[in-house]
file entry21.cif (mmCIF, C-alpha atoms)
data_start
loop_
_atom_site.label_atom_id
_atom_site.label_comp_id
_atom_site.auth_asym_id
_atom_site.auth_seq_id
_atom_site.Cartn_x
_atom_site.Cartn_y
_atom_site.Cartn_z
CA MET A 1 75.65 58.89 20.33
CA GLU A 2 72.15 57.84 19.23
CA GLY A 3 73.59 55.83 16.33
CA GLU A 4 76.03 54.07 18.66
CA GLU A 5 73.24 53.26 21.13
CA ARG A 6 71.04 51.92 18.33
CA THR A 7 73.89 49.70 17.07
CA SER A 8 74.57 48.48 20.60
CA THR A 9 70.87 47.61 21.08
CA MET A 10 70.81 45.66 17.82
CA GLU A 11 73.90 43.71 18.85
CA GLU A 12 72.31 42.86 22.18
CA LYS A 13 69.20 41.52 20.41
CA MET A 14 71.33 39.46 18.01
CA ARG A 15 73.25 37.80 20.81
CA LYS A 16 71.49 34.58 21.59
CA PHE A 17 73.97 32.94 23.95
CA LYS A 18 75.33 34.18 27.25
CA ARG A 19 77.49 31.12 27.89
CA ILE A 20 78.74 28.33 25.63
CA CYS A 21 80.21 25.07 26.88
CA VAL A 22 83.23 23.87 24.92
CA PHE A 23 84.29 20.21 24.98
CA CYS A 24 87.88 19.65 23.83
CA GLY A 25 91.07 17.73 24.45
CA SER A 26 93.56 18.06 27.28
CA ARG A 27 96.17 17.60 24.53
CA THR A 28 96.80 19.80 21.49
CA GLY A 29 97.11 16.98 18.97
CA TYR A 30 99.75 16.77 16.23
CA LYS A 31 98.36 19.34 13.79
CA SER A 32 98.72 23.07 14.36
CA SER A 33 95.23 23.48 12.87
CA PHE A 34 93.74 22.00 16.06
CA SER A 35 95.34 24.72 18.19
CA ASP A 36 94.36 27.35 15.63
CA ALA A 37 90.72 26.22 15.86
CA ALA A 38 90.78 26.44 19.66
CA LEU A 39 92.12 30.00 19.45
CA GLN A 40 89.45 30.87 16.85
CA ILE A 41 86.66 29.59 19.08
CA GLY A 42 88.02 31.62 21.98
CA LYS A 43 88.24 34.75 19.83
CA GLN A 44 84.68 34.28 18.55
CA LEU A 45 83.36 34.02 22.10
CA VAL A 46 85.17 37.21 23.08
CA ASP A 47 84.00 39.08 19.98
CA ARG A 48 80.40 38.02 20.59
CA LYS A 49 80.61 38.75 24.34
CA ILE A 50 79.90 35.12 25.25
CA ASP A 51 81.27 33.55 28.43
CA LEU A 52 82.93 30.13 28.53
CA VAL A 53 82.03 26.96 30.41
CA TYR A 54 84.55 24.16 29.99
CA GLY A 55 86.26 21.18 31.62
CA GLY A 56 88.55 23.21 33.85
CA GLY A 57 91.92 22.10 32.51
CA SER A 58 94.78 24.48 31.76
CA VAL A 59 96.58 22.19 29.31
CA GLY A 60 95.98 21.19 25.70
CA LEU A 61 93.15 22.71 23.68
CA MET A 62 91.26 23.39 26.94
CA GLY A 63 94.05 25.69 28.06
CA LEU A 64 94.16 27.54 24.74
CA VAL A 65 90.41 28.19 24.64
CA SER A 66 90.11 29.23 28.26
CA LYS A 67 93.13 31.53 28.23
CA THR A 68 91.95 33.25 25.05
CA VAL A 69 88.49 33.89 26.50
CA PHE A 70 89.84 34.98 29.88
CA ASP A 71 92.44 37.32 28.37
CA GLY A 72 89.65 38.78 26.23
CA GLY A 73 87.79 39.88 29.33
CA ARG A 74 85.01 37.30 29.38
CA HIS A 75 84.06 35.09 32.32
CA VAL A 76 85.48 31.57 32.39
CA LEU A 77 83.99 28.76 34.48
CA GLY A 78 85.94 25.51 34.63
CA ILE A 79 84.33 22.38 36.09
CA ILE A 80 86.61 19.50 36.96
CA PRO A 81 86.42 16.29 39.03
CA LYS A 82 88.87 16.35 41.92
CA ALA A 83 90.49 13.14 40.63
CA LEU A 84 91.66 14.99 37.49
CA LEU A 85 93.09 18.06 39.20
CA SER A 86 96.70 16.94 38.92
CA HIS A 87 96.24 15.54 35.40
CA GLU A 88 94.48 18.42 33.62
CA ILE A 89 95.76 21.48 35.50
CA SER A 90 99.33 22.70 35.11
CA GLY A 91 100.29 25.97 36.77
CA GLU A 92 97.67 28.59 37.60
CA THR A 93 93.99 27.94 37.02
CA ILE A 94 92.15 30.15 34.53
CA GLY A 95 89.02 32.00 35.67
CA ASP A 96 86.72 30.40 38.23
CA LEU A 97 87.18 26.70 38.98
CA LYS A 98 84.49 24.46 40.43
CA VAL A 99 85.71 21.09 41.72
CA VAL A 100 83.10 18.31 41.67
CA GLU A 101 83.00 14.73 42.85
CA ASP A 102 82.87 12.82 39.56
CA MET A 103 82.42 12.89 35.79
CA HIS A 104 78.63 12.67 36.03
CA GLN A 105 78.46 15.79 38.16
CA ARG A 106 80.94 17.52 35.86
CA LYS A 107 78.72 17.01 32.80
CA SER A 108 75.59 17.96 34.71
CA GLU A 109 77.12 21.23 35.92
CA MET A 110 78.51 22.05 32.50
CA ALA A 111 75.11 21.48 30.90
CA LYS A 112 73.28 23.46 33.57
CA ASN A 113 75.54 26.49 33.14
CA ALA A 114 75.59 26.65 29.32
CA ASP A 115 73.20 27.84 26.61
CA ALA A 116 74.86 25.80 23.83
CA PHE A 117 77.64 23.27 23.31
CA ILE A 118 80.62 23.06 20.97
CA ALA A 119 82.98 20.11 20.57
CA LEU A 120 86.49 20.60 19.23
CA PRO A 121 88.86 17.73 18.47
CA GLY A 122 89.61 15.57 21.49
CA GLY A 123 89.90 12.03 22.74
CA TYR A 124 87.52 9.59 24.40
CA GLY A 125 86.49 12.09 27.09
CA THR A 126 85.54 14.77 24.56
CA MET A 127 83.63 12.28 22.43
CA GLU A 128 81.82 10.86 25.46
CA GLU A 129 80.74 14.35 26.56
CA LEU A 130 79.57 15.14 23.03
CA LEU A 131 77.60 11.92 22.63
CA GLU A 132 75.91 12.25 25.99
CA ILE A 133 74.79 15.82 25.34
CA ILE A 134 73.43 14.69 21.94
CA ALA A 135 71.55 11.86 23.63
CA TRP A 136 70.14 14.26 26.24
CA SER A 137 68.76 16.36 23.39
CA GLN A 138 67.20 13.31 21.76
CA PHE A 139 65.67 12.21 25.06
CA GLY A 140 64.14 15.66 25.58
CA ILE A 141 66.23 16.67 28.58
CA HIS A 142 67.32 19.89 26.84
CA GLU A 143 66.81 21.80 23.58
CA LYS A 144 70.17 23.57 23.48
CA PRO A 145 72.17 23.60 20.23
CA VAL A 146 75.04 21.13 19.90
CA GLY A 147 77.85 22.06 17.53
CA LEU A 148 80.79 20.12 16.12
CA LEU A 149 83.83 21.99 14.83
CA ASN A 150 85.12 19.51 12.27
CA VAL A 151 88.72 20.68 12.00
CA CYS A 152 90.51 19.16 9.00
CA GLY A 153 87.84 16.45 8.84
CA TYR A 154 88.74 15.14 12.30
CA TYR A 155 85.16 14.02 12.96
CA ASN A 156 84.38 12.71 9.46
CA SER A 157 84.40 9.09 10.62
CA LEU A 158 82.12 9.84 13.58
CA LEU A 159 79.68 11.69 11.33
CA ALA A 160 79.76 8.76 8.92
CA LEU A 161 78.87 6.47 11.83
CA PHE A 162 75.87 8.69 12.65
CA ASP A 163 74.78 8.41 9.00
CA LYS A 164 75.21 4.64 9.19
CA GLY A 165 72.95 4.64 12.25
CA VAL A 166 70.27 6.40 10.21
CA GLU A 167 70.77 4.04 7.27
CA GLU A 168 70.44 0.96 9.47
CA GLY A 169 67.40 2.26 11.35
CA PHE A 170 68.94 3.01 14.75
CA ILE A 171 68.86 6.81 14.51
CA GLU A 172 65.88 8.81 13.29
CA ASP A 173 66.70 11.10 10.38
CA SER A 174 65.33 14.06 12.33
CA ALA A 175 67.55 13.18 15.32
CA ARG A 176 70.56 13.20 12.99
CA GLN A 177 69.92 16.94 12.65
CA ILE A 178 70.69 17.51 16.34
CA VAL A 179 74.38 17.82 15.49
CA VAL A 180 75.31 21.12 13.86
CA VAL A 181 78.56 20.86 11.89
CA ALA A 182 80.92 23.49 10.45
CA ASP A 183 84.57 23.82 9.46
CA SER A 184 85.16 27.27 10.99
CA ALA A 185 84.38 28.77 14.38
CA GLU A 186 82.50 31.74 12.98
CA GLU A 187 80.31 29.62 10.72
CA LEU A 188 79.56 27.17 13.53
CA ILE A 189 78.36 29.81 15.99
CA LYS A 190 76.17 31.38 13.30
CA LYS A 191 74.60 27.99 12.64
CA LEU A 192 74.04 27.44 16.36
CA GLU A 193 72.27 30.80 16.57
CA GLU A 194 69.94 29.68 13.77
CA TYR A 195 69.34 26.18 15.18
CA VAL A 196 65.74 25.04 15.61
CA PRO A 197 65.05 21.52 16.99
CA VAL A 198 63.21 19.31 14.50
CA HIS A 199 63.51 15.89 16.15
CA ASP A 200 60.88 14.08 18.21
CA ARG A 201 61.77 13.93 21.90
CA VAL A 202 61.67 10.52 23.55
CA ALA A 203 59.98 12.13 26.56
CA PRO A 204 58.86 15.71 27.35
CA ARG A 205 61.27 17.77 29.40
CA GLN A 206 58.75 18.15 32.20
CA SER A 207 58.75 14.40 32.80
CA TRP A 208 62.52 14.39 33.19
CA GLU A 209 62.32 17.23 35.70
CA VAL A 210 59.59 15.43 37.67
CA ASN A 211 61.53 12.17 37.66
CA GLN A 212 64.71 13.90 38.80
CA LEU A 213 62.76 15.60 41.59
CA LEU A 214 61.31 12.26 42.70
CA VAL A 215 64.75 10.67 42.71
CA SER A 216 66.11 13.56 44.73
CA GLU A 217 63.26 13.35 47.26
CA SER A 218 63.61 9.58 47.47
CA THR A 219 67.35 9.85 48.09
CA THR A 220 66.81 12.50 50.74
CA SER A 221 64.22 10.34 52.40
CA VAL A 222 66.51 7.30 52.53
CA THR A 223 69.37 9.40 53.87
CA SER A 224 67.12 10.83 56.57
CA GLN A 225 66.01 7.38 57.61
CA LYS A 226 69.60 6.22 57.96
CA SER A 227 70.67 9.24 59.95
#
call {"tool": "encode", "arguments": {"input": "entry21.cif", "output": "structure tokens"}}
result
Amino acid sequence: MEGEERTSTMEEKMRKFKRICVFCGSRTGYKSSFSDAALQIGKQLVDRKIDLVYGGGSVGLMGLVSKTVFDGGRHVLGIIPKALLSHEISGETIGDLKVVEDMHQRKSEMAKNADAFIALPGGYGTMEELLEIIAWSQFGIHEKPVGLLNVCGYYNSLLALFDKGVEEGFIEDSARQIVVVADSAEELIKKLEEYVPVHDRVAPRQSWEVNQLLVSESTTSVTSQKS
């Protein structure tokens, strides 16, 4: 019993993340390796006792990840704009579903509820979510790890574009290190656990929080005056 308790305590200390947000497509793509990667990510989250935050859809890679995590006994939180309910949900929803007003609120809620981020293959929406969360890290809004599961080289061209940005002087070399890349789910999560930010933030996090508070108070004030 003592040995089991000691092992359990060590595992608890090793676990860095409680919740990981996964960005991925509402389609499965043409290669079976994309679906396999989604299932692997889901299995890794279950094995590591990590809960899932995701875009709320029950189709495509989103459906595969969420169902795997949910069936494995972990909590699943889906966040979806009401305009996409009919497009990204087919059949029963998986886990808890939070419906928000728009894409901006969706990304904000996903970021607020996650300790790290992983992008699987996906389309424009997945790439937009990935790029914004990278930019938020560069700006100093958060210091959470951002991982890219580069299945069968799907993101090679995007990574080459990042390198071109460094080469041409638009991206700092240290900021290029924000993106953690791996070919397998297990390797990626290990790298995310080891991630330490090395880039210079555009602004300290406190200033973002103050600015957001001021905007919120200003908006409240205007609303009160109109009412």
call {"tool": "atom_distance", "arguments": {"input": "entry21.cif", "atom1": "CA of Lys107 (chain A)", "atom2": "CA of Arg19 (chain A)"}}
result
15.0 Å
call {"tool": "closest_residue", "arguments": {"input": "entry21.cif", "among": "A:Lys144, A:Lys82, A:Lys98, A:Arg74", "to": "Ile50 (chain A)", "atoms": "all atoms listed in the file"}}
result
A:Arg74
call {"tool": "residues_around", "arguments": {"input": "entry21.cif", "residues": "Leu84 (chain A)", "least_positions_apart": "2", "cutoff": "12 Å", "atoms": "all atoms listed in the file", "output": "PyMOL selection string"}}
result
chain A and resi 26+55-59+79-82+86-90+99-103+106+125
call {"tool": "residues_around", "arguments": {"input": "entry21.cif", "residues": "Gly73 (chain A)", "least_positions_apart": "4", "cutoff": "12 Å", "atoms": "all atoms listed in the file", "output": "PyMOL selection string"}}
result
chain A and resi 42-43+45-52+66-69+94-95
call {"tool": "atom_distance", "arguments": {"input": "entry21.cif", "atom1": "CA of Glu193 (chain A)", "atom2": "CA of Asp71 (chain A)"}}
result
24.3 Å
call {"tool": "resolve_selection", "arguments": {"input": "entry21.cif", "expression": "the PyMOL selection byres ((chain A and resi 22) around 7)", "output": "PDB file with C-alpha atoms, in the frame of the given file"}}
result
ATOM      1  CA  ILE A  20      78.740  28.330  25.630  1.00  0.00           C
ATOM      2  CA  CYS A  21      80.210  25.070  26.880  1.00  0.00           C
ATOM      3  CA  PHE A  23      84.290  20.210  24.980  1.00  0.00           C
ATOM      4  CA  CYS A  24      87.880  19.650  23.830  1.00  0.00           C
ATOM      5  CA  VAL A  53      82.030  26.960  30.410  1.00  0.00           C
ATOM      6  CA  TYR A  54      84.550  24.160  29.990  1.00  0.00           C
ATOM      7  CA  PHE A 117      77.640  23.270  23.310  1.00  0.00           C
ATOM      8  CA  ILE A 118      80.620  23.060  20.970  1.00  0.00           C
ATOM      9  CA  ALA A 119      82.980  20.110  20.570  1.00  0.00           C
TER      10      ALA A 119
END
call {"tool": "residues_around", "arguments": {"input": "entry21.cif", "residues": "Ile134 (chain A)", "least_positions_apart": "5", "cutoff": "8 Å", "atoms": "all atoms listed in the file", "output": "PyMOL selection string"}}
result
chain A and resi 146+178-179
